[in-house]
Each structure stands twice: as C-alpha cells, then as structure tokens.
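Undergrad: Input file: start.txt. Contents: compact mmCIF, C-alpha atoms.
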```txt
# COMPACT_ATOMS: atom_id res chain seq x y z
CA MET A 1 8.77 69.41 -63.71
CA THR A 2 9.92 71.98 -66.18
CA ASP A 3 9.58 75.72 -65.62
CA ARG A 4 6.56 75.84 -67.93
CA SER A 5 4.81 73.22 -65.82
CA MET A 6 5.48 74.63 -62.37
CA PRO A 7 2.99 73.55 -59.75
CA ARG A 8 -0.26 75.48 -59.70
CA ILE A 9 -1.04 76.41 -56.09
CA VAL A 10 -4.28 78.24 -55.32
CA VAL A 11 -6.05 79.01 -52.05
CA THR A 12 -9.46 80.51 -52.77
CA THR A 13 -13.01 81.07 -51.63
CA GLU A 14 -14.27 80.27 -55.14
CA ASP A 15 -15.53 76.89 -56.38
CA ILE A 16 -13.04 74.68 -58.20
CA ASP A 17 -13.54 74.11 -61.94
CA VAL A 18 -12.19 70.57 -61.89
CA GLY A 19 -12.66 70.00 -65.63
CA ALA A 20 -10.68 73.10 -66.59
CA GLU A 21 -7.91 72.30 -64.11
CA LEU A 22 -7.50 68.72 -65.36
CA ALA A 23 -7.61 69.84 -68.99
CA ALA A 24 -4.75 72.26 -68.28
CA LEU A 25 -2.65 69.38 -66.94
CA GLU A 26 -3.24 67.18 -70.01
CA ALA A 27 -0.83 69.04 -72.32
CA GLY A 28 2.24 66.86 -72.73
CA ALA A 29 1.01 64.23 -70.30
CA GLY A 30 0.17 60.59 -70.83
CA ALA A 31 -1.75 60.40 -67.57
CA VAL A 32 -3.56 62.78 -65.24
CA ALA A 33 -4.73 61.62 -61.81
CA SER A 34 -6.78 63.63 -59.36
CA PHE A 35 -8.47 63.68 -55.99
CA VAL A 36 -11.44 65.94 -55.28
CA GLY A 37 -12.49 66.36 -51.67
CA VAL A 38 -16.11 67.26 -50.93
CA VAL A 39 -17.61 68.54 -47.67
CA ARG A 40 -19.49 65.68 -45.99
CA GLY A 41 -23.07 66.01 -44.82
CA GLU A 42 -22.34 64.51 -41.43
CA ALA A 43 -19.53 64.09 -38.96
CA ASP A 44 -19.50 61.87 -35.90
CA GLY A 45 -23.06 60.81 -36.73
CA ARG A 46 -24.38 64.39 -36.61
CA ARG A 47 -25.72 66.49 -39.48
CA LEU A 48 -23.15 69.04 -40.58
CA THR A 49 -24.47 72.42 -41.74
CA SER A 50 -21.15 74.06 -42.61
CA LEU A 51 -17.40 73.77 -42.42
CA ILE A 52 -15.34 76.90 -41.89
CA LEU A 53 -11.71 76.83 -43.00
CA GLU A 54 -9.24 79.42 -41.84
CA HIS A 55 -5.61 79.88 -42.85
CA TYR A 56 -2.64 82.20 -42.77
CA PRO A 57 -2.11 82.93 -46.50
CA ALA A 58 1.67 83.19 -46.76
CA MET A 59 2.24 80.15 -44.56
CA THR A 60 -0.42 78.04 -46.26
CA GLU A 61 0.68 78.77 -49.82
CA ALA A 62 4.34 78.13 -48.96
CA SER A 63 3.41 74.82 -47.36
CA LEU A 64 1.36 73.73 -50.38
CA ALA A 65 4.21 74.70 -52.72
CA GLU A 66 6.66 72.65 -50.65
CA ILE A 67 4.36 69.61 -50.77
CA ALA A 68 4.11 69.94 -54.57
CA LYS A 69 7.89 70.37 -54.85
CA THR A 70 8.44 67.22 -52.79
CA ALA A 71 6.11 65.28 -55.11
CA ALA A 72 7.91 66.63 -58.18
CA ASN A 73 11.24 65.46 -56.73
CA ARG A 74 9.92 61.93 -56.09
CA TRP A 75 8.05 61.29 -59.35
CA GLN A 76 8.47 62.25 -63.00
CA LEU A 77 5.69 64.82 -63.32
CA THR A 78 4.75 67.08 -66.18
CA GLY A 79 2.44 69.11 -63.96
CA CYS A 80 0.91 69.38 -60.52
CA THR A 81 -2.08 71.31 -59.17
CA ILE A 82 -3.25 71.91 -55.62
CA ILE A 83 -6.33 74.05 -55.06
CA HIS A 84 -7.78 74.38 -51.58
CA ARG A 85 -10.80 76.39 -50.58
CA VAL A 86 -11.19 78.51 -47.46
CA GLY A 87 -14.11 80.29 -45.87
CA GLU A 88 -17.52 78.82 -45.13
CA LEU A 89 -18.47 75.73 -47.13
CA THR A 90 -21.61 73.63 -47.01
CA PRO A 91 -22.15 69.90 -47.55
CA GLY A 92 -21.53 68.97 -51.18
CA ASP A 93 -19.12 71.84 -51.83
CA ARG A 94 -15.74 70.95 -53.29
CA ILE A 95 -13.02 71.68 -50.77
CA VAL A 96 -9.78 70.50 -52.41
CA LEU A 97 -8.31 69.37 -55.70
CA ALA A 98 -4.97 67.58 -55.79
CA ALA A 99 -3.84 66.48 -59.24
CA ALA A 100 -0.68 65.29 -60.91
CA ALA A 101 0.25 64.68 -64.53
CA SER A 102 2.98 62.44 -65.88
CA ALA A 103 3.98 60.47 -68.94
CA HIS A 104 2.80 57.31 -67.17
CA ARG A 105 -0.09 56.50 -64.85
CA ALA A 106 1.95 55.04 -61.99
CA ASP A 107 3.73 58.33 -61.29
CA ALA A 108 0.53 60.38 -61.65
CA LEU A 109 -1.43 58.08 -59.32
CA ALA A 110 1.31 57.84 -56.68
CA ALA A 111 1.97 61.57 -56.70
CA THR A 112 -1.72 62.37 -56.31
CA ALA A 113 -2.07 60.01 -53.33
CA PHE A 114 1.05 61.57 -51.81
CA LEU A 115 -0.28 65.11 -52.33
CA ILE A 116 -3.54 64.50 -50.51
CA ASP A 117 -1.95 62.45 -47.71
CA TRP A 118 0.56 65.22 -47.00
CA LEU A 119 -2.04 67.97 -47.36
CA LYS A 120 -4.12 66.43 -44.59
CA THR A 121 -1.27 66.73 -42.09
CA ASP A 122 1.18 69.37 -43.32
CA ALA A 123 -0.96 72.16 -44.76
CA PRO A 124 -1.90 74.74 -42.11
CA PHE A 125 -5.67 74.96 -42.29
CA TRP A 126 -7.93 75.26 -39.27
CA LYS A 127 -11.37 73.68 -39.65
CA ARG A 128 -14.49 74.26 -37.59
CA GLU A 129 -17.52 72.05 -38.05
CA ASN A 130 -20.96 73.55 -37.43
CA PHE A 131 -23.84 71.18 -36.73
CA ALA A 132 -27.61 71.32 -37.18
CA ASP A 133 -28.10 71.14 -33.39
CA GLY A 134 -26.20 74.45 -33.00
CA ALA A 135 -22.99 72.89 -31.68
CA SER A 136 -19.62 73.49 -33.30
CA HIS A 137 -16.07 72.36 -32.71
CA TRP A 138 -12.59 72.66 -34.18
CA VAL A 139 -11.44 69.56 -36.05
CA SER A 140 -8.49 67.79 -34.43
CA ALA A 141 -5.74 65.91 -36.21
CA ARG A 142 -6.54 62.24 -36.74
CA ASP A 143 -4.09 59.39 -36.14
CA GLU A 144 -5.09 57.70 -39.42
CA ASP A 145 -4.15 60.84 -41.38
CA GLN A 146 -0.69 60.84 -39.81
CA GLU A 147 -0.34 57.11 -40.55
CA ALA A 148 -1.25 57.71 -44.21
CA ARG A 149 1.35 60.49 -44.41
CA ASN A 150 4.01 58.34 -42.76
CA ARG A 151 3.74 55.61 -45.39
CA TRP A 152 5.48 57.96 -47.80
```
Show the structure stored in the file as structure tokens.
TA:
Amino acid sequence: MTDRSMPRIVVTTEDIDVGAELAALEAGAGAVASFVGVVRGEADGRRLTSLILEHYPAMTEASLAEIAKTAANRWQLTGCTIIHRVGELTPGDRIVLAAAASAHRADALAATAFLIDWLKTDAPFWKRENFADGASHWVSARDEDQEARNRW
C-alpha cells in the first residue's frame, strides 16, 4: 500500500458506517471486499441479550495495525480498513468491519479473509456474553478459529 492508502484502524463504541467505509476504499481500486460481523441473537442455544467487549487501547490498535501490515505485505492492496467496536453491544449490532481493496478481486478477497481470520485469534479483545436467563460468561478461544488462522 502507498502512504496515501495506509490502513485505517479504528476501535470505537460507535456504529460502523459500512457504506462510507467501503466507498473510501474504492478510489483507485478495481475490487473492494469486506466482512461485517454482527452480534448473534443466541450462543450455545441460549438467547443472548448483550455482548460486552473490553480491550487495552494501545495494545489492541497496535495488534490490528500489525495484522493489516501483514496483509499488505502478502497481497497487492490499494487500501485496508479494520474497524472493531468495544463496549456493550446487543444482537444485530455491527461488531467488526474488515475490508481490503486491490486492483483485482483475488487479492481483495484473500486479504479480507486473512484479516478476519487473524483478528479472531490475534487481536486482544475480551468478550463477555450476557444471557436472558441472567447468566454470563467470558468467551473462550475456539479451536476452529485457530485452525482458520493457521491456514494462512
């Protein structure tokens, strides 16, 4: 990526304007690919009322920047955006946007898949699920997320 198309890394409590973010990546690109994660309404067969995400800002932003840099070194990208929300979110809320732009679709698609696979394992976020029955628990790492990361 060129200096003018440095990765956009944002950690925020605010909703993600996906349309505006993708439009910003379109300049000079032939392809833009994206992944938008949304808070599920259930987990483990139980109704989820909220998901609380915590982070350590300096560590989290540095980690996201490193993931984006790794993607930019592997694929020919014209831009890259990672936006991740923190705080209390409810089912249906957008939680993450990972997007990559390139001259060609293959690089944009591969880089986007890479971004989200690495985010799931390498970005330091702590998640607590709160359920309708009053129970809550911290989300543990999943083997399938590590397997998806390892394919890269």
Undergrad: I'd like the contact shell of Leu64 (chain A) - 12 Å cut-off, only C-alpha atoms, skipping same-chain residues fewer than 4 positions apart - returned as an MDAnalysis selection string.
TA: chainID A and resid 7:11 55 57:60 68:71 80:84 96:98 115:116 118:125
Undergrad: Looking at all atoms listed in the file, which of A:Glu42, A:Asp17, A:Asp133, A:Glu26 is the one that sits closest to Ala101 (chain A)?
TA: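 When distances to Ala101 (chain A) are compared using all atoms listed in the file, the smallest one comes from A:Glu26.
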Undergrad: With all atoms listed in the file as the basis for distance, which of A:Ala100, A:Ala62, A:Leu89, A:Val18 is at the shortest distance from Gly30 (chain A)?
TA: A:Ala100
Undergrad: For Thr78 (chain A), which residue among A:Ala29, A:Leu51, A:Ala20, A:Ala113 is the nearest when counting all atoms listed in the file?
TA: A:Ala29
Undergrad: Please, what distance in Å, to one decimal, runs between CA of Trp138 (chain A) and CA of Trp152 (chain A)?
TA: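 Calculated distance between CA of Trp138 (chain A) and CA of Trp152 (chain A) is 27.0 Å.
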Undergrad: Give me, please, the distance in Å between CA of Glu54 (chain A) and CA of Arg40 (chain A), quoted to one decimal.
TA: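 Computing the Euclidean distance for CA of Glu54 (chain A) and CA of Arg40 (chain A) yields 17.6 Å.
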Undergrad: Mind pulling up the distance from CA of Thr90 (chain A) to CA of Thr112 (chain A)?
TA: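 These two atoms are separated by 24.7 Å.
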Undergrad: Using only C-alpha atoms, find all polymer residues with an atom at most 9 Å away from the point (-13.7, 65.6, -35.4); report them as number ranges by chain.
TA: A: 43-44, 128-129, 137-142
Undergrad: Considering all atoms listed in the file, can you say which of A:Val36, A:Asp145, A:Lys127, A:Ala99 comes closest to Ala24 (chain A)?
TA: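 Nearest candidate to Ala24 (chain A) out of A:Val36, A:Asp145, A:Lys127, A:Ala99: A:Ala99.
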